[in-house]
Every structure is written in structure tokens, then in C-alpha cells.
$ cat start-v1.cif   # mmCIF, C-alpha atoms
data_coords
loop_
_atom_site.label_atom_id
_atom_site.label_comp_id
_atom_site.auth_asym_id
_atom_site.auth_seq_id
_atom_site.Cartn_x
_atom_site.Cartn_y
_atom_site.Cartn_z
CA MET A 769 -40.13 -63.03 -67.00
CA VAL A 770 -42.22 -60.73 -64.81
CA SER A 771 -41.59 -57.07 -65.61
CA SER A 772 -41.13 -54.35 -62.99
CA PRO A 773 -44.27 -52.42 -64.02
CA HIS A 774 -46.25 -55.64 -63.65
CA GLU A 775 -44.98 -56.07 -60.08
CA ALA A 776 -45.65 -52.47 -59.09
CA MET A 777 -49.23 -52.42 -60.38
CA HIS A 778 -50.34 -55.11 -57.93
CA ARG A 779 -47.68 -54.92 -55.17
CA ILE A 780 -48.83 -51.42 -54.27
CA PHE A 781 -52.06 -52.95 -52.93
CA GLN A 782 -49.99 -55.25 -50.69
CA GLU A 783 -48.07 -52.27 -49.31
CA PHE A 784 -51.18 -50.10 -48.95
CA PRO A 785 -54.27 -52.39 -48.67
CA GLY A 786 -56.56 -49.46 -47.95
CA LEU A 787 -55.78 -48.10 -51.41
CA PHE A 788 -58.56 -50.17 -52.97
CA SER A 789 -61.20 -48.20 -51.07
CA ARG A 790 -60.06 -44.99 -52.83
CA VAL A 791 -59.60 -46.72 -56.17
CA SER A 792 -63.17 -48.07 -56.04
CA GLU A 793 -64.43 -44.51 -55.46
CA VAL A 794 -62.48 -43.29 -58.50
CA LEU A 795 -63.93 -46.12 -60.58
CA GLY A 796 -67.48 -45.35 -59.46
CA VAL A 797 -68.10 -48.56 -57.51
CA ASP A 798 -69.61 -48.31 -54.03
CA ILE A 799 -67.38 -50.59 -51.94
CA PRO A 800 -67.49 -50.09 -48.16
CA PRO A 801 -64.24 -48.87 -46.59
CA PRO A 802 -62.11 -51.69 -45.16
CA THR A 803 -61.49 -52.10 -41.46
CA SER A 804 -58.56 -54.43 -42.16
CA ALA A 805 -56.91 -56.34 -45.00
CA THR A 806 -54.94 -59.59 -44.97
CA ALA A 807 -52.68 -60.87 -47.73
CA LEU A 808 -53.55 -64.45 -48.69
CA PRO A 809 -51.56 -67.07 -50.63
CA THR A 810 -51.65 -66.34 -54.35
CA ASP A 811 -51.18 -69.97 -55.44
CA LEU A 812 -54.46 -71.22 -56.95
CA THR A 813 -53.04 -74.56 -58.08
CA GLU A 814 -54.94 -77.73 -57.32
CA ALA A 815 -53.27 -81.11 -56.75
CA ARG A 816 -52.73 -82.02 -60.39
CA PRO A 817 -53.86 -79.30 -62.79
CA VAL A 818 -51.61 -76.68 -64.38
CA GLU A 819 -50.24 -74.16 -61.90
CA ARG A 820 -52.23 -70.93 -61.74
CA ARG A 821 -51.40 -67.85 -59.68
CA VAL A 822 -53.22 -64.58 -59.21
CA ASP A 823 -50.89 -61.59 -58.86
CA THR A 824 -52.15 -60.32 -55.50
CA LEU A 825 -54.93 -61.65 -53.30
CA LEU A 826 -56.30 -59.75 -50.30
CA ARG A 827 -59.03 -60.58 -47.82
CA ILE A 828 -60.77 -57.28 -47.13
CA GLU A 829 -62.76 -56.83 -43.93
CA THR A 830 -65.55 -54.24 -43.80
CA GLU A 831 -67.47 -52.88 -40.84
CA HIS A 832 -71.01 -53.65 -41.98
CA ASP A 833 -70.92 -55.72 -45.17
CA GLY A 834 -68.61 -58.50 -44.03
CA PRO A 835 -65.40 -59.70 -45.74
CA PHE A 836 -64.69 -60.16 -49.43
CA LEU A 837 -61.72 -61.27 -51.52
CA LEU A 838 -59.94 -58.81 -53.79
CA ALA A 839 -57.98 -60.51 -56.60
CA ILE A 840 -55.65 -58.07 -58.40
CA GLU A 841 -54.14 -58.71 -61.82
CA ALA A 842 -51.52 -56.44 -63.42
CA GLN A 843 -52.03 -56.62 -67.18
CA GLY A 844 -49.35 -55.22 -69.51
CA LYS A 845 -50.94 -56.30 -72.78
CA LYS A 846 -53.90 -58.17 -74.23
CA ASP A 847 -53.77 -61.87 -73.43
CA PRO A 848 -56.56 -64.14 -74.74
CA ARG A 849 -55.61 -66.78 -72.17
CA LYS A 850 -57.03 -64.58 -69.43
CA THR A 851 -60.57 -65.26 -70.66
CA VAL A 852 -59.94 -68.77 -69.33
CA SER A 853 -57.74 -67.92 -66.32
CA TRP A 854 -59.84 -65.16 -64.76
CA PRO A 855 -63.11 -67.14 -64.54
CA TYR A 856 -61.07 -70.00 -63.09
CA TYR A 857 -59.57 -67.72 -60.44
CA VAL A 858 -62.97 -66.42 -59.38
CA SER A 859 -64.62 -69.87 -59.31
CA TYR A 860 -61.72 -71.44 -57.44
CA LEU A 861 -61.55 -68.69 -54.84
CA HIS A 862 -65.29 -68.73 -54.30
CA ASN A 863 -65.18 -72.49 -53.81
CA ARG A 864 -62.15 -72.34 -51.49
CA TYR A 865 -63.09 -69.39 -49.29
CA GLY A 866 -66.86 -69.11 -49.70
CA LEU A 867 -66.64 -65.32 -49.90
CA PRO A 868 -67.70 -62.70 -52.45
CA ILE A 869 -64.95 -62.10 -55.03
CA LEU A 870 -63.96 -58.90 -56.81
CA LEU A 871 -61.42 -58.98 -59.66
CA LEU A 872 -59.44 -55.75 -60.23
CA VAL A 873 -57.27 -55.46 -63.36
CA VAL A 874 -54.65 -52.66 -63.45
CA CYS A 875 -53.36 -51.52 -66.87
CA GLN A 876 -51.00 -48.88 -68.26
CA ASP A 877 -52.46 -48.35 -71.74
CA HIS A 878 -55.92 -47.60 -73.08
CA ALA A 879 -56.15 -50.53 -75.50
CA THR A 880 -55.36 -53.12 -72.83
CA ALA A 881 -57.74 -51.47 -70.36
CA GLU A 882 -60.57 -51.50 -72.91
CA TRP A 883 -59.91 -55.16 -73.69
CA ALA A 884 -59.72 -56.15 -70.00
CA ALA A 885 -63.04 -54.45 -69.20
CA ARG A 886 -65.02 -56.59 -71.62
CA PRO A 887 -67.38 -59.01 -69.83
CA ILE A 888 -66.41 -62.66 -70.11
CA SER A 889 -69.40 -64.87 -70.83
CA ILE A 890 -69.36 -68.66 -70.50
CA GLY A 891 -72.26 -70.68 -71.79
CA VAL A 892 -74.15 -71.39 -74.99
CA ARG A 893 -75.85 -68.96 -77.32
CA GLN A 894 -79.23 -69.58 -75.71
CA TRP A 895 -78.11 -69.26 -72.10
CA GLN A 896 -75.28 -67.54 -70.20
CA THR A 897 -74.02 -69.91 -67.51
CA LEU A 898 -71.35 -67.64 -66.04
CA ALA A 899 -70.55 -63.94 -66.53
CA LEU A 900 -67.42 -62.22 -65.27
CA ASN A 901 -67.12 -58.43 -65.12
CA PRO A 902 -63.60 -57.32 -64.20
CA LEU A 903 -63.17 -53.92 -62.57
CA VAL A 904 -60.42 -52.10 -64.49
CA ALA A 905 -58.12 -49.26 -63.40
CA GLY A 906 -55.99 -47.62 -66.06
CA PRO A 907 -55.07 -44.36 -67.80
CA HIS A 908 -58.65 -43.97 -68.99
CA ASN A 909 -60.10 -43.55 -65.50
CA MET A 910 -57.31 -42.96 -62.97
CA PRO A 911 -56.85 -39.29 -61.99
CA VAL A 912 -53.97 -37.16 -63.27
CA ILE A 913 -52.73 -35.67 -59.99
CA THR A 914 -50.59 -32.56 -60.40
CA ASP A 915 -51.58 -30.73 -57.21
CA VAL A 916 -49.17 -31.35 -54.33
CA ALA A 917 -51.80 -30.84 -51.63
CA GLU A 918 -54.06 -33.38 -53.31
CA ALA A 919 -51.16 -35.81 -53.68
CA ARG A 920 -50.28 -35.56 -49.98
CA LYS A 921 -53.84 -36.49 -49.01
CA ASP A 922 -53.42 -39.92 -50.60
CA LEU A 923 -49.86 -40.91 -51.52
CA ALA A 924 -50.79 -44.50 -52.41
CA LEU A 925 -53.47 -43.41 -54.90
CA THR A 926 -51.09 -40.79 -56.32
CA THR A 927 -48.44 -43.49 -56.82
CA LEU A 928 -50.83 -45.86 -58.56
CA ALA A 929 -52.09 -42.99 -60.73
CA ALA A 930 -48.50 -42.13 -61.71
CA ILE A 931 -47.82 -45.76 -62.62
CA THR A 932 -50.95 -46.09 -64.75
CA HIS A 933 -50.09 -42.81 -66.52
CA ALA A 934 -46.49 -43.87 -67.25
CA ASP A 935 -46.98 -43.15 -70.96
CA ASN A 936 -48.83 -39.86 -70.45
CA PRO A 937 -47.06 -36.93 -72.18
CA ASP A 938 -47.46 -35.00 -68.91
CA VAL A 939 -45.97 -37.75 -66.74
CA GLY A 940 -43.09 -35.42 -65.82
CA ALA A 941 -45.50 -33.06 -64.02
CA ILE A 942 -47.19 -36.02 -62.33
CA LEU A 943 -43.87 -37.35 -61.04
CA LYS A 944 -42.73 -33.90 -59.95
CA THR A 945 -45.91 -33.60 -57.90
CA LEU A 946 -45.33 -36.99 -56.28
CA SER A 947 -41.72 -36.18 -55.38
CA ALA A 948 -42.78 -32.85 -53.86
CA ALA A 949 -45.50 -34.58 -51.84
CA LEU A 950 -42.93 -37.02 -50.41
CA ARG A 951 -40.63 -34.35 -48.99
CA ASP A 952 -42.16 -34.37 -45.50
CA THR A 953 -43.09 -38.07 -45.51
CA PRO A 954 -41.47 -40.55 -43.09
CA GLU A 955 -38.99 -42.89 -44.80
CA ALA A 956 -41.03 -45.95 -43.82
CA ILE A 957 -43.77 -44.68 -46.15
CA ALA A 958 -41.60 -42.92 -48.73
CA ASP A 959 -39.24 -45.85 -49.41
CA PRO A 960 -41.85 -48.30 -50.78
CA ILE A 961 -43.42 -45.47 -52.81
CA ILE A 962 -40.06 -44.55 -54.35
CA GLU A 963 -39.42 -48.21 -55.17
CA LEU A 964 -42.90 -48.93 -56.55
CA THR A 965 -42.79 -45.83 -58.74
CA ALA A 966 -39.40 -46.84 -60.15
CA GLN A 967 -40.69 -50.35 -60.80
CA GLY A 968 -43.91 -49.12 -62.34
CA LEU A 969 -42.12 -46.90 -64.86
CA GLY A 970 -39.95 -49.80 -66.03
CA ASN A 971 -37.63 -48.83 -68.87
CA ARG A 972 -39.79 -45.96 -70.12
CA PRO A 973 -38.21 -42.51 -70.58
CA ALA A 974 -40.12 -41.37 -67.49
CA ALA A 975 -37.98 -43.73 -65.38
CA GLN A 976 -34.97 -41.45 -65.87
CA GLN A 977 -37.08 -38.45 -64.88
CA TRP A 978 -37.98 -40.23 -61.66
CA ARG A 979 -34.33 -41.07 -60.93
CA ASN A 980 -33.41 -37.42 -61.41
CA LEU A 981 -36.19 -36.34 -59.04
CA VAL A 982 -35.05 -38.84 -56.41
CA ALA A 983 -31.47 -37.60 -56.81
CA VAL A 984 -32.41 -33.93 -56.43
CA ASP A 985 -35.81 -33.40 -54.79
CA LEU A 986 -35.52 -36.37 -52.42
CA SER A 987 -31.80 -36.15 -51.75
CA PHE A 988 -32.33 -36.20 -47.98
CA TYR A 989 -33.51 -39.83 -48.07
CA LYS A 990 -30.56 -42.13 -47.44
CA SER A 991 -32.11 -45.56 -47.84
CA PRO A 992 -30.19 -48.13 -49.96
CA LEU A 993 -32.92 -47.98 -52.60
CA SER A 994 -32.79 -44.19 -52.86
CA GLU A 995 -29.00 -44.27 -53.13
CA GLU A 996 -29.21 -46.94 -55.84
CA LEU A 997 -31.64 -44.85 -57.88
CA ARG A 998 -29.40 -41.81 -57.47
CA ASP A 999 -26.36 -43.75 -58.64
CA GLU A 1000 -28.28 -44.95 -61.70
CA GLY A 1001 -29.42 -41.42 -62.42
CA ARG A 1002 -25.91 -40.01 -62.10
CA ALA A 1003 -24.45 -42.74 -64.34
CA GLU A 1004 -27.07 -42.16 -67.02
CA GLY A 1005 -26.60 -38.41 -66.75
CA ARG A 1006 -22.84 -38.79 -67.22
CA ALA A 1007 -23.40 -41.05 -70.23
CA GLU A 1008 -25.79 -38.54 -71.83
CA GLY A 1009 -23.34 -35.67 -71.24
CA ARG A 1010 -20.40 -37.55 -72.74
CA ALA A 1011 -22.46 -38.64 -75.73
CA GLU A 1012 -23.39 -35.01 -76.45
CA GLY A 1013 -19.75 -33.94 -75.98
CA LEU A 1014 -18.53 -36.63 -78.36
CA LEU A 1015 -20.91 -35.49 -81.10
CA LEU A 1016 -19.79 -31.88 -80.61
CA VAL A 1017 -16.11 -32.82 -80.92
CA LEU A 1018 -16.73 -34.86 -84.07
CA HIS A 1019 -18.66 -31.98 -85.59
CA ALA A 1020 -16.04 -29.40 -84.62
CA ARG A 1021 -13.28 -31.47 -86.17
CA GLY A 1022 -15.18 -31.89 -89.42
CA ILE A 1023 -15.62 -35.65 -89.10
CA ALA A 1024 -18.69 -36.91 -90.95
CA ILE A 1025 -21.44 -38.12 -88.61
CA THR A 1026 -23.77 -40.67 -90.16
CA ASP A 1027 -27.12 -41.77 -88.77
CA GLU A 1028 -25.47 -45.06 -87.84
CA THR A 1029 -22.78 -43.20 -85.88
CA ARG A 1030 -25.38 -41.11 -84.02
CA GLU A 1031 -27.34 -44.24 -83.16
CA LYS A 1032 -24.21 -46.05 -81.93
CA ILE A 1033 -23.32 -43.15 -79.65
CA ALA A 1034 -26.89 -42.61 -78.42
CA ASP A 1035 -27.34 -46.32 -77.61
CA CYS A 1036 -24.16 -46.48 -75.52
CA ASP A 1037 -24.91 -46.21 -71.78
CA ASP A 1038 -21.35 -46.97 -70.61
CA PRO A 1039 -19.73 -43.71 -69.39
CA GLN A 1040 -16.25 -45.29 -69.45
CA LEU A 1041 -16.56 -46.36 -73.09
CA LEU A 1042 -17.94 -42.96 -74.10
CA HIS A 1043 -15.01 -41.31 -72.31
CA GLN A 1044 -12.62 -43.51 -74.29
CA TRP A 1045 -14.30 -42.55 -77.59
CA LEU A 1046 -14.19 -38.89 -76.58
CA ASN A 1047 -10.41 -39.07 -75.99
CA ARG A 1048 -9.87 -40.72 -79.37
CA ALA A 1049 -12.03 -38.10 -81.11
CA ALA A 1050 -9.57 -35.40 -80.09
CA THR A 1051 -6.97 -36.77 -82.56
CA ALA A 1052 -8.93 -39.08 -84.89
CA THR A 1053 -9.67 -38.14 -88.49
CA THR A 1054 -12.47 -40.68 -89.05
CA THR A 1055 -15.17 -42.32 -86.95
CA GLU A 1056 -13.50 -45.67 -87.65
CA GLU A 1057 -10.53 -44.49 -85.59
CA VAL A 1058 -12.83 -43.38 -82.79
CA PHE A 1059 -14.52 -46.78 -82.59
CA ALA A 1060 -11.37 -48.82 -83.28
CA GLY A 1061 -11.46 -52.22 -81.61
CA GLU A 1062 -15.11 -51.92 -80.60
#
$ encode --input "start-v1.cif" --output "C-alpha cells"
Amino acid sequence: MVSSPHEAMHRIFQEFPGLFSRVSEVLGVDIPPPTSATALPTDLTEARPVERRVDTLLRIETEHDGPFLLAIEAQGKKDPRKTVSWPYYVSYLHNRYGLPILLLVVCQDHATAEWAARPISIGVRQWQTLALNPLVAGPHNMPVITDVAEARKDLALTTLAAITHADNPDVGAILKTLSAALRDTPEAIADPIIELTAQGLGNRPAAQQWRNLVAVDLSFYKSPLSEELRDEGRAEGRAEGRAEGLLLVLHARGIAITDETREKIADCDDPQLLHQWLNRAATATTTEEVFAGE
């Protein structure tokens, strides 16, 4: 099953095709700025072989250097099968379109980024028949943007940077910067950025921080997506508050709280069930009575 972070790491280039021009600058590769970009079919399957699909495929037009194909892969972990798939993608696309190919791999952790950047060599010991050098964007080389003015200059790059730094200890400051930069942005631009950021953070702790920011800092946006994120944030906030209240009541009433009990309460994200436990705790003498029937 495709994860949300996986989708966000390549979909952002579909929403903002010009993003690659800025990403290439960050990565130190001199790629001419695009004059246009066209999304192409991602299905690389031939008539009979096993189905193969690249995550995102764009035809990039440039003013002086002609067009090229940009194949984008979102990589969440090391996958030895890619040493076979990626050369196939490049060879197939070159054969089908007759254009230069550039493979960009987007990662969210250092180990995967380091693995993805390794050249893939096909041939024998005495002679290299084919060499593939993926261009990799990840937490090791994407900027940490915590200046609102800088973020406003390039919202797409700021979004991708936030996604690639999802596990950064300072991700809260990064997300706060992004939310502040979106305050004066038209909804047509802000909505996909809000969605892609939520997708890119997946189920990490930072995802809740982003929901809270959308609920508070971006409260003026009324799109269905923004409202959905706010509702999720409010529900999780209510669950956290009731969980803390339940532990306080148990402690105040002298009821022993084991590690297992704490874990059971902490893992519960159902505000209604927590409310029910909280009511029982007011009169219960043991945790068994609190969790009765559960």
C-alpha cells in the first residue's frame, strides 16, 4: 500500500513542475530553468513483461537546451529491487521518447538517501556497460527553512524541504514557518500545499503539529481539506486532554497506575471511550473497574 509521505514526495512536482529548477540549484546541478512542464503517463509496462511504474514523470521544456524527461521516485526505505527497476525506467524512457533522462529520488532519512545516491553499474568486471547516477534530494541536502520571508519566496521548495525534514528535531519550527508564509497566499496555492504537507508527514508526531497549525494559524481557510485537518486536530487534542485528566483522577484517588495502564490510556485515540473511562474513574476503586467490559 502506497503511504502518504510517498505520494507527497513526488506529487509536489506534479502540482509545482517548476520546483525542480530550484531543487536542482540546491543540489548543485546546473539544469536550465523550464519554460513549461507536461505530466506524462507513468505506466512503463510493455505488452507482456511485469508491470512497472515510475512515481511521477514530467517532460520539461527549456528555452535553449531543449526538452528532457524528469522521472521522480519517492523512496521511503532501501529497496534492492530498485537497482534493477531504475536502469529499466531510464532505458525504457530513452527508447520510447528519445530524450535525455534525469532520475530524481526524494527521501526522508539519511540512510536511504545515502543508499539511493550510489551509482548503479551494469556490466562485467572488465567493462562497465551502463552506469546510472540518480540525483537525490533528502534531509542531507535540502535546506532547513525557518525564515518566513525566505519561505514566501518559494513555497513549493519550502514544502518539499519540510517533507524531507519530517524527522528533524526542529521540524516544529520549519512547519511554523511554512504556516506563517501561507497566511497571505491564495487558497488555490495554499490548499495543495496544506494537503501535501499533511501527506508528507504521514503518521509522524509532526503531523499533529501541522494539524494544530492549520487549525490555529490558518483558520481563515475554509476548504474541505483544511476543515478535515482541523477536525482531526481537535479530536486528537480532546483525546490527549481526556487521557491526561484520567491519569490525574486515578492518581488523586490513590488507584495504582501500572505501565500497562498508562500505555492503554496513551494508545486510546477515541475521545468518547476516554470520556467513559473518566466517568468510571470518579467512583472506581481499581483500574479493572475503569476498563470493565473493554
$ closest_atom_pairs --input "start-v1.cif" --of "range 778-825 of chain A" --to "range 846-854 of chain A" --cutoff "10 Å" --atoms "all atoms listed in the file" --output "Markdown table"
| residue | atom | partner | partner_atom | distance |
| --- | --- | --- | --- | --- |
| A:Arg820 | CA | A:Ser853 | CA | 7.8 |
| A:Arg821 | CA | A:Ser853 | CA | 9.2 |
| A:Val822 | CA | A:Trp854 | CA | 8.7 |
$ resolve_selection --input "start-v1.cif" --expression "the PyMOL selection byres ((chain A and resi 807) around 10)" --output "tab-separated table (two decimals) with C-alpha atoms, keeping the file's coordinate frame"
chain	number	residue	atom	x	y	z
A	781	PHE	CA	-52.06	-52.95	-52.93
A	782	GLN	CA	-49.99	-55.25	-50.69
A	783	GLU	CA	-48.07	-52.27	-49.31
A	785	PRO	CA	-54.27	-52.39	-48.67
A	805	ALA	CA	-56.91	-56.34	-45.00
A	806	THR	CA	-54.94	-59.59	-44.97
A	808	LEU	CA	-53.55	-64.45	-48.69
A	809	PRO	CA	-51.56	-67.07	-50.63
A	810	THR	CA	-51.65	-66.34	-54.35
A	824	THR	CA	-52.15	-60.32	-55.50
A	825	LEU	CA	-54.93	-61.65	-53.30
A	826	LEU	CA	-56.30	-59.75	-50.30
A	827	ARG	CA	-59.03	-60.58	-47.82
A	828	ILE	CA	-60.77	-57.28	-47.13
A	837	LEU	CA	-61.72	-61.27	-51.52
A	838	LEU	CA	-59.94	-58.81	-53.79
$ closest_residue --input "start-v1.cif" --among "A:Leu787, A:Ala930, A:Leu871, A:Thr813" --to "Ala966 in chain A" --atoms "all atoms listed in the file"
A:Ala930
$ resolve_selection --input "start-v1.cif" --expression "the PyMOL selection byres ((chain A and resi 792) around 12)" --output "list in words"
Gly786, Leu787, Phe788, Ser789, Arg790, Val791, Glu793, Val794, Leu795, Gly796, Val797, Asp798, Ile799, Pro800, Pro801, Pro802, Leu838, Leu870, Leu871, Leu872, Val873, Leu903, Val904, Ala905, Asn909, Met910 and Leu925 of chain A
$ atom_distance --input "start-v1.cif" --atom1 "CA of Arg920 in chain A" --atom2 "CA of Thr953 in chain A"
8.8 Å
$ residues_around --input "start-v1.cif" --residues "Lys921 in chain A" --least-positions-apart "5" --cutoff "10 Å" --atoms "only C-alpha atoms" --output "PyMOL selection string"
chain A and resi 916+926+949
$ atom_distance --input "start-v1.cif" --atom1 "CA of Gln876 in chain A" --atom2 "CA of Ile962 in chain A"
18.2 Å
$ atom_distance --input "start-v1.cif" --atom1 "CA of His778 in chain A" --atom2 "CA of Ser889 in chain A"
25.0 Å
$ residues_around --input "start-v1.cif" --residues "Arg1021 in chain A" --least-positions-apart "6" --cutoff "12 Å" --atoms "all atoms listed in the file" --output "CSV table (one decimal) with C-alpha atoms, in the coordinates of the input"
chain,number,residue,atom,x,y,z
A,1014,LEU,CA,-18.5,-36.6,-78.4
A,1015,LEU,CA,-20.9,-35.5,-81.1
A,1048,ARG,CA,-9.9,-40.7,-79.4
A,1049,ALA,CA,-12.0,-38.1,-81.1
A,1050,ALA,CA,-9.6,-35.4,-80.1
A,1051,THR,CA,-7.0,-36.8,-82.6
A,1052,ALA,CA,-8.9,-39.1,-84.9
A,1053,THR,CA,-9.7,-38.1,-88.5
A,1054,THR,CA,-12.5,-40.7,-89.0
A,1055,THR,CA,-15.2,-42.3,-87.0
$ closest_residue --input "start-v1.cif" --among "A:Pro911, A:Pro1039, A:Pro773, A:Pro855" --to "Pro887 in chain A" --atoms "all atoms listed in the file"
A:Pro855
$ resolve_selection --input "start-v1.cif" --expression "the PyMOL selection byres ((chain A and resi 898) around 9)" --output "list in words"
Pro855, Ile888, Ser889, Ile890, Gly891, Gln896, Thr897, Ala899 and Leu900 of chain A
$ write_last_selection --input "start-v1.cif" --atoms "C-alpha atoms" --output "mmCIF file, in the frame of the given file"
data_model
loop_
_atom_site.group_PDB
_atom_site.id
_atom_site.type_symbol
_atom_site.label_atom_id
_atom_site.label_comp_id
_atom_site.auth_asym_id
_atom_site.auth_seq_id
_atom_site.Cartn_x
_atom_site.Cartn_y
_atom_site.Cartn_z
ATOM 1 C CA PRO A 855 -63.110 -67.140 -64.540
ATOM 2 C CA ILE A 888 -66.410 -62.660 -70.110
ATOM 3 C CA SER A 889 -69.400 -64.870 -70.830
ATOM 4 C CA ILE A 890 -69.360 -68.660 -70.500
ATOM 5 C CA GLY A 891 -72.260 -70.680 -71.790
ATOM 6 C CA GLN A 896 -75.280 -67.540 -70.200
ATOM 7 C CA THR A 897 -74.020 -69.910 -67.510
ATOM 8 C CA ALA A 899 -70.550 -63.940 -66.530
ATOM 9 C CA LEU A 900 -67.420 -62.220 -65.270
#
$ residues_around --input "start-v1.cif" --residues "range 940-943 of chain A" --least-positions-apart "2" --cutoff "7 Å" --atoms "all atoms listed in the file" --output "short mmCIF file (atom, residue, chain, number, x, y, z; two decimals) with C-alpha atoms, in the frame of the given file"
data_model
loop_
_atom_site.label_atom_id
_atom_site.label_comp_id
_atom_site.auth_asym_id
_atom_site.auth_seq_id
_atom_site.Cartn_x
_atom_site.Cartn_y
_atom_site.Cartn_z
CA VAL A 912 -53.97 -37.16 -63.27
CA ILE A 913 -52.73 -35.67 -59.99
CA THR A 914 -50.59 -32.56 -60.40
CA ALA A 930 -48.50 -42.13 -61.71
CA ASP A 938 -47.46 -35.00 -68.91
CA THR A 945 -45.91 -33.60 -57.90
CA LEU A 946 -45.33 -36.99 -56.28
CA SER A 947 -41.72 -36.18 -55.38
CA ALA A 974 -40.12 -41.37 -67.49
CA GLN A 977 -37.08 -38.45 -64.88
CA TRP A 978 -37.98 -40.23 -61.66
#
$ closest_residue --input "start-v1.cif" --among "A:Arg886, A:His933, A:Arg893, A:His878" --to "Met777 in chain A" --atoms "all atoms listed in the file"
A:His933
$ axis_aligned_box --input "start-v1.cif" --around "range 784-791 of chain A" --padding-each-side "3 Å" --output "AutoDock Vina command-line options"
--center_x -56.2 --center_y -48.7 --center_z -52.1 --size_x 16.0 --size_y 13.4 --size_z 14.2
